[in-house]
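The structure under discussion appears below in the form of structure tokens.
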Amino acid sequence: MVGVPSIFAKKPRTIARIFKALTENSLQNKYDPLALPIPWNKQIFESKAKLRIGYFTSLKFFPAMGDTAEIVLKAKEKFESLGHIVVPFNLPVPDTILAKLTADLCNADTGNHLRKALRGEKISDAAQMVNQLINMPFWLRKLLSMVFRWKYLPFYRSVRAAYCLLAGLDLRSTVSLWAAIGDKAQIIREILDRMDEERLDLILCPCFPFCAPTVDTSKDIIVAVIYCIIWNLCDFPAGIVKFGTESGRKLNEFDDEGDLFLKLAKKGISSSKNSPICVQLVSRPYKEELVLRAMVALDEN
């Protein structure tokens, strides 16, 4: 997997202006010859055609908590009030498989690149868990993954933690790496086929399973990025828009399944009342203007 830059701004329309400036006149390709010289598509961004949008509110691998699902449904209602068609959408691949494949490909070199990049650097609190993981001996990662899966240690039990510990260890041979790359291509094809079957322009979903957690908790629940990173895996354009705030009313109702990571997340956001909640909009590759159009519509209406 290759990292990509993102544009951050207070308003989606500002992001659209910046993206337009970068893509007009092949400017981005001029400074980066590896960037595809695809020009800004004014027709897609300014189109008034009604959209067909699929939505989901949670993923089993890291269930949404608090008001997250409710905010997605409110965004759904807003799009419907603007005349768009919004229908339920289910990923064609179990999100647990997506989570494992993403973790494996992110760590296909078992952390070698990150170890070199971070050497001599001061590690922020938020990155401490990642730093510990990439410097941990393989045998210890395997041992700890078994501990986290052991039912006789309920306090430490976490299938999600085990996923993190084993990330990349299955791809240490050329054969297994190419197999994972093939799995990635197949998953992309299946998602695109599902979108075609349901005639979808966009997907609406959470960008994170919860609102902002406390700083000391964030480092321990990195697996929550599943909602965003699956689109990095597929190389689909995605954007987020603030659309509500956490009321705190439903936090105690969340079923943490006895999982250590879910318990940490539940505890971490217990003091996050009134923190913003964003929704995420996703489209097919090279349809950034469509994502930006929907982001602007949601923000300005």
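A note on labels: chains of the structure tokens are A, B, ... as shown, every chain counts residues from 1, and ligands are counted from 1 in their shown order.
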
Report task. Tell me which protein, DNA and RNA residues are within 6 Å of range 248-257 of chain A, counting only C-alpha atoms, leaving out same-chain ones fewer than 2 positions away, and put them as a list in words. Result -> Gly66, Glu246, Asp259, Leu262, Lys263 and Lys273 of chain A

Write the residues you've just listed into a file as a PDB file, in the first residue's frame, and include N, CA and C atoms for each of them.
ATOM      1  N   GLY A  66     -21.758   5.185  20.316  1.00  0.00           N
ATOM      2  CA  GLY A  66     -22.292   6.515  20.558  1.00  0.00           C
ATOM      3  C   GLY A  66     -23.288   6.917  19.489  1.00  0.00           C
ATOM      4  N   GLU A 246     -21.357  14.428  19.321  1.00  0.00           N
ATOM      5  CA  GLU A 246     -21.665  13.323  20.229  1.00  0.00           C
ATOM      6  C   GLU A 246     -22.458  13.825  21.436  1.00  0.00           C
ATOM      7  N   ASP A 259     -13.995  -7.314  24.574  1.00  0.00           N
ATOM      8  CA  ASP A 259     -12.753  -7.129  23.819  1.00  0.00           C
ATOM      9  C   ASP A 259     -11.969  -5.948  24.394  1.00  0.00           C
ATOM     10  N   LEU A 262     -12.127  -2.700  22.317  1.00  0.00           N
ATOM     11  CA  LEU A 262     -13.441  -2.047  22.366  1.00  0.00           C
ATOM     12  C   LEU A 262     -13.697  -1.427  23.740  1.00  0.00           C
ATOM     13  N   LYS A 263     -13.198  -2.091  24.799  1.00  0.00           N
ATOM     14  CA  LYS A 263     -13.347  -1.516  26.139  1.00  0.00           C
ATOM     15  C   LYS A 263     -12.528  -0.240  26.274  1.00  0.00           C
ATOM     16  N   LYS A 273     -18.152  14.015  25.123  1.00  0.00           N
ATOM     17  CA  LYS A 273     -19.436  14.637  24.828  1.00  0.00           C
ATOM     18  C   LYS A 273     -19.228  15.981  24.124  1.00  0.00           C
TER      19      LYS A 273
END

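Near Lys60 in chain A, within 10 Å and counting only C-alpha atoms, sit Pro94, Asp95 and Thr96 of chain A; same-chain residues fewer than 6 positions away were not included.
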
Got time to write the residues from that selection, all heavy atoms, as a CSV table (one decimal), in the first residue's frame?
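Result file follows (selection_19.csv):
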chain,number,residue,atom,x,y,z
A,94,PRO,N,-16.4,-9.7,3.7
A,94,PRO,CA,-16.5,-9.4,5.2
A,94,PRO,C,-15.4,-8.5,5.6
A,94,PRO,O,-14.3,-8.5,5.2
A,94,PRO,CB,-16.2,-10.8,5.8
A,94,PRO,CG,-16.7,-11.8,4.7
A,94,PRO,CD,-16.3,-11.1,3.4
A,95,ASP,N,-15.8,-7.5,6.5
A,95,ASP,CA,-14.8,-6.5,6.9
A,95,ASP,C,-13.7,-7.0,7.7
A,95,ASP,O,-12.6,-6.4,7.8
A,95,ASP,CB,-15.5,-5.3,7.6
A,95,ASP,CG,-16.3,-5.7,8.8
A,95,ASP,OD1,-15.8,-5.8,9.9
A,95,ASP,OD2,-17.6,-6.0,8.6
A,96,THR,N,-13.9,-8.2,8.3
A,96,THR,CA,-12.7,-8.8,9.0
A,96,THR,C,-11.6,-9.2,8.0
A,96,THR,O,-10.4,-9.1,8.3
A,96,THR,CB,-13.2,-10.1,9.7
A,96,THR,OG1,-14.0,-10.9,8.9
A,96,THR,CG2,-14.1,-9.7,10.9

Query - Residue nearest Cys211 in chain A - candidates A:Thr102, A:Ser247, A:Ser272, A:Asn25, atoms counted: only C-alpha atoms - result: A:Ser272

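Using only C-alpha atoms, the protein and nucleic acid residues lying no more than 6 Å from Leu281 in chain A, apart from those fewer than 5 places from it along its own chain, are A:Ile203, A:Leu204, A:Ala238, A:Gly239.
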
Query raised in the report: With distances taken over only C-alpha atoms, which of A:Leu192, A:Thr214, A:Thr23, A:Thr57 is nearest to Ala69 in chain A?
Result: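 Smallest distance to Ala69 in chain A is found for A:Thr57.
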
Query raised in the report: Which of these, A:Ala49, A:Glu77, A:Leu165, A:Met129, has the shortest distance to Met146 in chain A once you count only C-alpha atoms?
Result: A:Leu165

Query raised in the report: From the set A:Arg115, A:Arg172, A:Lys76, A:Arg157, which residue has the shortest atom-to-atom contact distance to Phe138 in chain A, counting only C-alpha atoms?
Result: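 Nearest to Phe138 in chain A: A:Arg172.
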